[in-house]
Amino acid sequence: MHHPYESFATSVQAFLEQAANDPQVLAIKQTLYRTSGDSPIIDALIDAAEAGKQVLALVEIKARFDEQNNIGWARKLEAAGVHVVYGLVGLKTHCKLSLVIRQEGSMLRRYCHVGTGNYNPKTARYYEDLGLLTSRESVGEDLTKLFNQLSGYASEPQFRSLLTSPVGVREGLTMRIRREAEHQLAGRPARIRFKMNSLVDEQIIDELYFASMAGVPIDILVRGMCAIKPGVPGLSETVKVHSILGRYLEHSRIFSFANGGDPDVFIGSADMMHRNLDRRVEALVKITQTDQLKELHELFELGMSDDVSVWELDSSGVWSRETLSPTGEKLLDMQDEQMARTLKKKRSR
């Protein structure tokens with residue numbers, strides 16, 4: 001799902017509301033970092049608990065500017081019988097996760113949501129975010145392990161479909177950046193494409209420089225702070241940095257690796273900052289479905305295109321923006337184009 005181009009209310013919100021009302025659903029586990037004051041997500045969790053389901057809510061009470069709201073939600077949830085936990089000592093829980101466990105015949109099936117944005121129906125109307133709804137067994141197993149860890153019932157687990165921080169995201173991305181350099185030097189398909197809010201972590205930037213020196217093409221879409229310098233001779237000649245500022249706040253995080261022709265692509269909650277990589281619980285989920293990989297590829301193609309009006313960073317650290325093509329034609333607005341593509345896709349279904 002790609003919000004706000006696709007509705008949060010009829011996807012993620014509906015997923016949790018239907019789970020709360022489904023008699024076959026036994027349990028719901030949910031992280032809450034920020035949500036709206038009159039949140040239907042909170043209401044769904046309360047309805048589920050009052051219906052006798054096992055409900056776990058991991059509430060981050062140190063979410064900046066939302067501390068008082070989150071304490072209020074936690075008390076409201078506890079009063080309804082929800083098991084409220086507050087994560088691991090010393091770490092903010094910033095990951096965006098839902099896990100629904102449903103009885104289907106003699107089997108239990110796990111339905112999962114992993115997102116890049118908060119469970120907030122109001123900001124979902126103007127924050128650009130991605131989310132994966134899946135019943136893939138490996139994701140369900142990983143989310144079960146992660147929730148058990150965060151609620152104090154398990155030590156540090158091993159994951160198959162997730163990268164998590166504070167141990168896992170930095171290491172997983174570093175390994176993949178280095179692997180792209182190996183692919184490039186061996187003549188195999190290699191490309192790194194990142195989309196995020198901020199890129200300031202020195203170690204990740206250094207790894208990208210080394211990959212660029214090996215010849216790996218690197219495309220960066222970043223909304224906010226960016227400390228990498230593209231196009232520096234001998235250092236970052238293959239790095240290209242664009243920024244999209246428009247009607248919607250670009251908030252999604254994507255980490256894409258060509259991987260010798262076998263794409264290795266993740267979405268999730270982590271930016272490339274010290275706090276996200278070292279002091280927060282974050283989660284990235286691997287995208288495997290062909291059509292979803294194609295959509296993410298097209299998103300990068302659009303954002304890095306010369307036909308789109310973007311801010312571009314040069315080697316001296318200066319941003320510039322072109323609105324007209326060399327022939328004087330108005331360049332595309334990326335968000336308007338994305339909305340048009342989404343509407344076209346809906347009509348073709």
# chains A, B, ... in the order shown; residues from 1 in each chain; ligands from 1
>>> select_by_dssp(residues="segment 23-234 of chain A", states="alpha helix (DSSP H)", output="number ranges by chain")
A: 40-50, 67-79, 137-150, 169-185, 202-213
>>> residues_around(residues="Pro23 of chain A", least_positions_apart="6", cutoff="12 Å", atoms="only C-alpha atoms", output="PyMOL selection string")
chain A and resi 47-49+51-53+101-104
>>> select_by_dssp(residues="segment 169-337 of chain A", states="strand (DSSP E)", output="PyMOL selection string")
chain A and resi 192-196+218-222+239-243+249-250+254-257+264-268+280-287+311-313+319-321
>>> write_last_selection(atoms="C-alpha atoms", output="CSV table (one decimal), in the first residue's frame")
chain,number,residue,atom,x,y,z
A,192,ILE,CA,21.9,0.8,-4.6
A,193,ARG,CA,18.7,2.9,-4.2
A,194,PHE,CA,17.7,4.4,-0.9
A,195,LYS,CA,14.7,6.5,0.0
A,196,MET,CA,14.5,8.0,3.5
A,218,ILE,CA,23.8,4.9,-6.2
A,219,ASP,CA,20.4,6.8,-6.2
A,220,ILE,CA,19.3,8.6,-3.1
A,221,LEU,CA,15.9,10.1,-2.5
A,222,VAL,CA,16.0,12.1,0.8
A,239,VAL,CA,26.1,9.0,-6.4
A,240,LYS,CA,23.0,11.0,-7.4
A,241,VAL,CA,20.8,12.8,-4.7
A,242,HIS,CA,17.3,14.1,-5.2
A,243,SER,CA,14.7,15.5,-2.8
A,249,LEU,CA,5.4,15.0,3.3
A,250,GLU,CA,7.7,12.3,1.9
A,254,ILE,CA,13.1,2.0,1.0
A,255,PHE,CA,16.4,0.2,0.8
A,256,SER,CA,16.9,-1.5,-2.6
A,257,PHE,CA,19.8,-3.5,-3.9
A,264,ASP,CA,17.0,-7.5,-2.3
A,265,VAL,CA,14.5,-4.8,-1.2
A,266,PHE,CA,13.3,-3.6,2.2
A,267,ILE,CA,10.8,-1.1,3.5
A,268,GLY,CA,10.4,0.0,7.1
A,280,ARG,CA,15.7,2.8,18.7
A,281,VAL,CA,13.8,-0.4,17.9
A,282,GLU,CA,13.3,-0.3,14.2
A,283,ALA,CA,12.1,-2.9,11.7
A,284,LEU,CA,12.6,-3.3,7.9
A,285,VAL,CA,10.7,-6.0,6.1
A,286,LYS,CA,11.9,-7.7,2.9
A,287,ILE,CA,9.7,-7.3,-0.2
A,311,TRP,CA,15.7,19.4,-5.8
A,312,GLU,CA,19.1,18.1,-6.7
A,313,LEU,CA,22.2,18.1,-4.5
A,319,TRP,CA,20.6,22.2,-3.5
A,320,SER,CA,19.1,23.5,-6.8
A,321,ARG,CA,15.7,23.0,-8.4
>>> closest_residue(among="A:Leu91, A:Met107, A:Gly115, A:Gly172", to="Asn276 of chain A", atoms="only C-alpha atoms")
A:Leu91
>>> closest_residue(among="A:Gly105, A:Gly168, A:Pro121, A:Gly87", to="Leu277 of chain A", atoms="only C-alpha atoms")
A:Gly168
>>> atom_distance(atom1="atom CA of Lys76 of chain A", atom2="atom CA of Leu45 of chain A")
10.5 Å
>>> residues_around(residues="Ala227 of chain A", least_positions_apart="3", cutoff="8 Å", atoms="only C-alpha atoms", output="PyMOL selection string")
chain A and resi 199-200+205
>>> closest_residue(among="A:Leu16, A:Met334, A:Val318, A:Met272", to="Glu298 of chain A", atoms="only C-alpha atoms")
A:Met334
>>> closest_residue(among="A:Asp307, A:Asp129, A:Glu17, A:Glu322", to="Glu337 of chain A", atoms="only C-alpha atoms")
A:Asp307
>>> closest_residue(among="A:Leu245, A:Leu332, A:Leu146, A:Leu293", to="Leu132 of chain A", atoms="only C-alpha atoms")
A:Leu293
>>> closest_residue(among="A:Trp73, A:Tyr153, A:Tyr111, A:Tyr127", to="Leu88 of chain A", atoms="only C-alpha atoms")
A:Tyr153
>>> residues_around(residues="Gly234 of chain A", least_positions_apart="6", cutoff="12 Å", atoms="only C-alpha atoms", output="VMD selection string")
chain A and resid 209 to 215 315
>>> atom_distance(atom1="atom CA of Val82 of chain A", atom2="atom CA of Leu56 of chain A")
6.0 Å
>>> atom_distance(atom1="atom CA of Arg191 of chain A", atom2="atom CA of Asn259 of chain A")
7.6 Å
>>> decode(residues="segment 297-310 of chain A", atoms="N, CA and C atoms", output="short mmCIF file (atom, residue, chain, number, x, y, z; two decimals), in the first residue's frame")
data_model
loop_
_atom_site.label_atom_id
_atom_site.label_comp_id
_atom_site.auth_asym_id
_atom_site.auth_seq_id
_atom_site.Cartn_x
_atom_site.Cartn_y
_atom_site.Cartn_z
N HIS A 297 10.41 -0.10 -7.88
CA HIS A 297 11.34 0.26 -8.95
C HIS A 297 10.83 1.48 -9.71
N GLU A 298 9.54 1.49 -10.02
CA GLU A 298 8.96 2.62 -10.76
C GLU A 298 8.98 3.90 -9.94
N LEU A 299 8.83 3.76 -8.62
CA LEU A 299 8.88 4.93 -7.74
C LEU A 299 10.27 5.58 -7.80
N PHE A 300 11.33 4.77 -7.77
CA PHE A 300 12.68 5.30 -7.90
C PHE A 300 12.92 5.88 -9.30
N GLU A 301 12.44 5.18 -10.32
CA GLU A 301 12.62 5.68 -11.68
C GLU A 301 12.00 7.06 -11.84
N LEU A 302 10.84 7.25 -11.24
CA LEU A 302 10.16 8.55 -11.31
C LEU A 302 10.94 9.60 -10.53
N GLY A 303 11.34 9.27 -9.32
CA GLY A 303 12.01 10.24 -8.46
C GLY A 303 13.39 10.66 -8.95
N MET A 304 14.05 9.79 -9.71
CA MET A 304 15.39 10.10 -10.21
C MET A 304 15.36 10.57 -11.67
N SER A 305 14.17 10.68 -12.25
CA SER A 305 14.04 11.05 -13.66
C SER A 305 14.36 12.52 -13.91
N ASP A 306 14.86 12.79 -15.10
CA ASP A 306 15.10 14.18 -15.52
C ASP A 306 13.81 14.87 -15.95
N ASP A 307 12.72 14.10 -16.03
CA ASP A 307 11.44 14.67 -16.44
C ASP A 307 10.62 15.21 -15.27
N VAL A 308 11.14 15.06 -14.05
CA VAL A 308 10.42 15.45 -12.85
C VAL A 308 11.10 16.64 -12.19
N SER A 309 10.31 17.55 -11.67
CA SER A 309 10.84 18.70 -10.97
C SER A 309 11.26 18.29 -9.56
N VAL A 310 12.56 18.25 -9.30
CA VAL A 310 13.08 17.83 -7.99
C VAL A 310 14.17 18.82 -7.55
#
